[in-house]
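Q: The structure that follows is given in the form of structure tokens.
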Amino acid sequence: MAMPLNVLEVTIFAMVLSGGNPLACTRQEGTEEMILCTNGQVATLEADRITFKDDVAVAKFPDGTLAFSNGIRSHWGSAGWVQFSNKIAIRRNPDGTFKTNGGLICRGLSADKANCQKA
């Protein structure tokens, strides 16, 4: 059984793909493997890879870095920031929320809903 999609993780990936815009994402009722976002993005889980409706898949590597099939990559920056190649950076806060270099805070609101909003 595949792990259900993590709504906060998908929300962060959707925010990165959007270029850093605020959004909210919610698990499609009755599914574990489909998440809908307010910017029109849809994420599904296929063969343990998160795939967005525009056919962008996200690969996770053992060292924690990410690769998006559209060319966006991540690497560990300084002071705990994860730096994406499209200029977005994100860092985990002590309270479990995530802060972006563009002034958004991404947080899980429940097991089925998360958002990235202006702080």
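Starting from 1 in every chain, residues are counted up; chains themselves are A, B, ... following the order of the structure tokens, and ligands are numbered from 1 as listed.
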So that I can see what lies close to Asp54 in chain A, please list as a list in words the residues with an atom at most 10 Å from it, counting only C-alpha atoms and leaving out residues fewer than 6 positions away in the same chain.

A: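 Using only C-alpha atoms, the neighbours found are Gln41, Val42, Ala43 and Asn70 of chain A.
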
Q: Could the residues in this selection be saved with N, CA and C atoms as a JSON list (two decimals), in the first residue's frame?

A:
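Done, and the output landed in part-v6.json:
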```
[["chain", "number", "residue", "atom", "x", "y", "z"],
["A", 41, "GLN", "N", -4.02, 23.62, -9.70],
["A", 41, "GLN", "CA", -3.08, 22.50, -9.76],
["A", 41, "GLN", "C", -3.74, 21.25, -9.15],
["A", 42, "VAL", "N", -3.45, 20.10, -9.71],
["A", 42, "VAL", "CA", -3.95, 18.83, -9.19],
["A", 42, "VAL", "C", -2.76, 17.90, -9.07],
["A", 43, "ALA", "N", -2.64, 17.26, -7.90],
["A", 43, "ALA", "CA", -1.53, 16.32, -7.69],
["A", 43, "ALA", "C", -2.09, 14.93, -7.47],
["A", 70, "ASN", "N", 10.23, 19.19, -14.83],
["A", 70, "ASN", "CA", 10.30, 20.37, -15.70],
["A", 70, "ASN", "C", 11.63, 21.09, -15.58]]
```

Q: Within 8 Å of range 21-29 of chain A, which residues of range 88-117 of chain A come that close, and what is the closest atom pair and distance in Å for each? Count only C-alpha atoms and give it as a Markdown table.

A:
```
| residue | atom | partner | partner_atom | distance |
| --- | --- | --- | --- | --- |
| A:Leu104 | CA | A:Pro22 | CA | 7.0 |
| A:Asp112 | CA | A:Arg27 | CA | 5.0 |
| A:Lys113 | CA | A:Thr26 | CA | 4.4 |
| A:Ala114 | CA | A:Cys25 | CA | 5.5 |
| A:Asn115 | CA | A:Ala24 | CA | 4.0 |
| A:Cys116 | CA | A:Pro22 | CA | 5.1 |
| A:Gln117 | CA | A:Pro22 | CA | 5.0 |
```

Q: Separation of CA of Phe84 in chain A and CA of Glu46 in chain A, in Å?

A: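 Atom-to-atom, CA of Phe84 in chain A to CA of Glu46 in chain A, that is 23.0 Å.
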
Q: Find the residues of range 5-66 of chain A that sit at most 12 Å from range 92-101 of chain A; for each, write down the nearest two atoms and how far apart they are in Å, to one decimal. Count only C-alpha atoms. Sort by chain, then by number going up, and give it as JSON lines.

A:
```
{"residue": "A:Leu8", "atom": "CA", "partner": "A:Thr97", "partner_atom": "CA", "distance": 9.2}
{"residue": "A:Glu9", "atom": "CA", "partner": "A:Phe98", "partner_atom": "CA", "distance": 10.1}
{"residue": "A:Thr11", "atom": "CA", "partner": "A:Phe98", "partner_atom": "CA", "distance": 10.9}
{"residue": "A:Ile12", "atom": "CA", "partner": "A:Phe98", "partner_atom": "CA", "distance": 8.5}
{"residue": "A:Phe13", "atom": "CA", "partner": "A:Phe98", "partner_atom": "CA", "distance": 11.9}
{"residue": "A:Met15", "atom": "CA", "partner": "A:Thr100", "partner_atom": "CA", "distance": 9.8}
{"residue": "A:Val16", "atom": "CA", "partner": "A:Thr100", "partner_atom": "CA", "distance": 9.6}
{"residue": "A:Gly19", "atom": "CA", "partner": "A:Thr100", "partner_atom": "CA", "distance": 11.2}
{"residue": "A:Gly20", "atom": "CA", "partner": "A:Thr100", "partner_atom": "CA", "distance": 8.0}
{"residue": "A:Asn21", "atom": "CA", "partner": "A:Thr100", "partner_atom": "CA", "distance": 10.4}
{"residue": "A:Pro22", "atom": "CA", "partner": "A:Thr100", "partner_atom": "CA", "distance": 10.6}
```

Q: Would you save the residues from that selection as a PDB file, in the first residue's frame, using all heavy atoms?

A:
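Below you can see again09.pdb, which holds the result:
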```
ATOM      1  N   LEU A   8       0.669  18.865   3.043  1.00  0.00           N
ATOM      2  CA  LEU A   8       1.581  19.999   3.206  1.00  0.00           C
ATOM      3  C   LEU A   8       2.722  19.921   2.193  1.00  0.00           C
ATOM      4  O   LEU A   8       3.076  20.924   1.567  1.00  0.00           O
ATOM      5  CB  LEU A   8       2.120  20.051   4.641  1.00  0.00           C
ATOM      6  CG  LEU A   8       3.116  21.185   4.935  1.00  0.00           C
ATOM      7  CD1 LEU A   8       2.528  22.552   4.596  1.00  0.00           C
ATOM      8  CD2 LEU A   8       3.562  21.134   6.391  1.00  0.00           C
ATOM      9  N   GLU A   9       3.265  18.734   2.007  1.00  0.00           N
ATOM     10  CA  GLU A   9       4.347  18.556   1.036  1.00  0.00           C
ATOM     11  C   GLU A   9       3.875  18.938  -0.366  1.00  0.00           C
ATOM     12  O   GLU A   9       4.548  19.684  -1.084  1.00  0.00           O
ATOM     13  CB  GLU A   9       4.797  17.095   1.084  1.00  0.00           C
ATOM     14  CG  GLU A   9       5.974  16.765   0.215  1.00  0.00           C
ATOM     15  CD  GLU A   9       6.372  15.304   0.354  1.00  0.00           C
ATOM     16  OE1 GLU A   9       5.535  14.407   0.111  1.00  0.00           O
ATOM     17  OE2 GLU A   9       7.529  15.063   0.726  1.00  0.00           O
ATOM     18  N   THR A  11       1.413  20.891  -1.158  1.00  0.00           N
ATOM     19  CA  THR A  11       1.151  22.333  -1.185  1.00  0.00           C
ATOM     20  C   THR A  11       2.448  23.107  -1.416  1.00  0.00           C
ATOM     21  O   THR A  11       2.496  24.052  -2.215  1.00  0.00           O
ATOM     22  CB  THR A  11       0.474  22.775   0.128  1.00  0.00           C
ATOM     23  OG1 THR A  11      -0.740  22.039   0.291  1.00  0.00           O
ATOM     24  CG2 THR A  11       0.171  24.264   0.134  1.00  0.00           C
ATOM     25  N   ILE A  12       3.506  22.695  -0.733  1.00  0.00           N
ATOM     26  CA  ILE A  12       4.806  23.354  -0.912  1.00  0.00           C
ATOM     27  C   ILE A  12       5.315  23.156  -2.339  1.00  0.00           C
ATOM     28  O   ILE A  12       5.763  24.108  -2.989  1.00  0.00           O
ATOM     29  CB  ILE A  12       5.815  22.838   0.130  1.00  0.00           C
ATOM     30  CG1 ILE A  12       5.423  23.375   1.516  1.00  0.00           C
ATOM     31  CG2 ILE A  12       7.242  23.245  -0.241  1.00  0.00           C
ATOM     32  CD1 ILE A  12       6.178  22.745   2.671  1.00  0.00           C
ATOM     33  N   PHE A  13       5.195  21.933  -2.864  1.00  0.00           N
ATOM     34  CA  PHE A  13       5.644  21.689  -4.243  1.00  0.00           C
ATOM     35  C   PHE A  13       4.832  22.528  -5.227  1.00  0.00           C
ATOM     36  O   PHE A  13       5.384  23.088  -6.175  1.00  0.00           O
ATOM     37  CB  PHE A  13       5.519  20.214  -4.610  1.00  0.00           C
ATOM     38  CG  PHE A  13       6.417  19.285  -3.829  1.00  0.00           C
ATOM     39  CD1 PHE A  13       6.175  17.926  -3.841  1.00  0.00           C
ATOM     40  CD2 PHE A  13       7.487  19.754  -3.077  1.00  0.00           C
ATOM     41  CE1 PHE A  13       6.991  17.051  -3.136  1.00  0.00           C
ATOM     42  CE2 PHE A  13       8.301  18.890  -2.362  1.00  0.00           C
ATOM     43  CZ  PHE A  13       8.053  17.528  -2.393  1.00  0.00           C
ATOM     44  N   MET A  15       3.378  25.355  -4.634  1.00  0.00           N
ATOM     45  CA  MET A  15       3.800  26.750  -4.470  1.00  0.00           C
ATOM     46  C   MET A  15       5.106  26.983  -5.229  1.00  0.00           C
ATOM     47  O   MET A  15       5.276  27.991  -5.916  1.00  0.00           O
ATOM     48  CB  MET A  15       3.949  27.057  -2.976  1.00  0.00           C
ATOM     49  CG  MET A  15       4.429  28.455  -2.635  1.00  0.00           C
ATOM     50  SD  MET A  15       6.234  28.646  -2.645  1.00  0.00           S
ATOM     51  CE  MET A  15       6.728  27.422  -1.432  1.00  0.00           C
ATOM     52  N   VAL A  16       6.047  26.056  -5.121  1.00  0.00           N
ATOM     53  CA  VAL A  16       7.321  26.183  -5.842  1.00  0.00           C
ATOM     54  C   VAL A  16       7.055  26.213  -7.351  1.00  0.00           C
ATOM     55  O   VAL A  16       7.580  27.072  -8.063  1.00  0.00           O
ATOM     56  CB  VAL A  16       8.285  25.032  -5.473  1.00  0.00           C
ATOM     57  CG1 VAL A  16       9.485  25.005  -6.416  1.00  0.00           C
ATOM     58  CG2 VAL A  16       8.746  25.173  -4.021  1.00  0.00           C
ATOM     59  N   GLY A  19       5.895  29.461  -8.775  1.00  0.00           N
ATOM     60  CA  GLY A  19       6.805  30.592  -8.686  1.00  0.00           C
ATOM     61  C   GLY A  19       6.684  31.340  -7.379  1.00  0.00           C
ATOM     62  O   GLY A  19       7.153  32.462  -7.249  1.00  0.00           O
ATOM     63  N   GLY A  20       6.042  30.734  -6.393  1.00  0.00           N
ATOM     64  CA  GLY A  20       5.989  31.336  -5.063  1.00  0.00           C
ATOM     65  C   GLY A  20       4.687  32.020  -4.726  1.00  0.00           C
ATOM     66  O   GLY A  20       4.638  32.833  -3.803  1.00  0.00           O
ATOM     67  N   ASN A  21       3.620  31.698  -5.443  1.00  0.00           N
ATOM     68  CA  ASN A  21       2.334  32.347  -5.170  1.00  0.00           C
ATOM     69  C   ASN A  21       1.581  31.664  -4.031  1.00  0.00           C
ATOM     70  O   ASN A  21       1.685  30.452  -3.847  1.00  0.00           O
ATOM     71  CB  ASN A  21       1.457  32.316  -6.427  1.00  0.00           C
ATOM     72  CG  ASN A  21       2.031  33.174  -7.531  1.00  0.00           C
ATOM     73  OD1 ASN A  21       2.555  34.249  -7.275  1.00  0.00           O
ATOM     74  ND2 ASN A  21       1.969  32.690  -8.753  1.00  0.00           N
ATOM     75  N   PRO A  22       0.796  32.437  -3.259  1.00  0.00           N
ATOM     76  CA  PRO A  22      -0.010  31.839  -2.191  1.00  0.00           C
ATOM     77  C   PRO A  22      -1.071  30.904  -2.773  1.00  0.00           C
ATOM     78  O   PRO A  22      -1.584  31.154  -3.864  1.00  0.00           O
ATOM     79  CB  PRO A  22      -0.693  33.032  -1.515  1.00  0.00           C
ATOM     80  CG  PRO A  22      -0.089  34.258  -2.079  1.00  0.00           C
ATOM     81  CD  PRO A  22       0.638  33.887  -3.338  1.00  0.00           C
TER      82      PRO A  22
END
```

Q: Please, which residues of chain A, numbered as in this document, come out alpha helix (DSSP H) from DSSP, as a ChimeraX atom specification?

A: /A:7-17
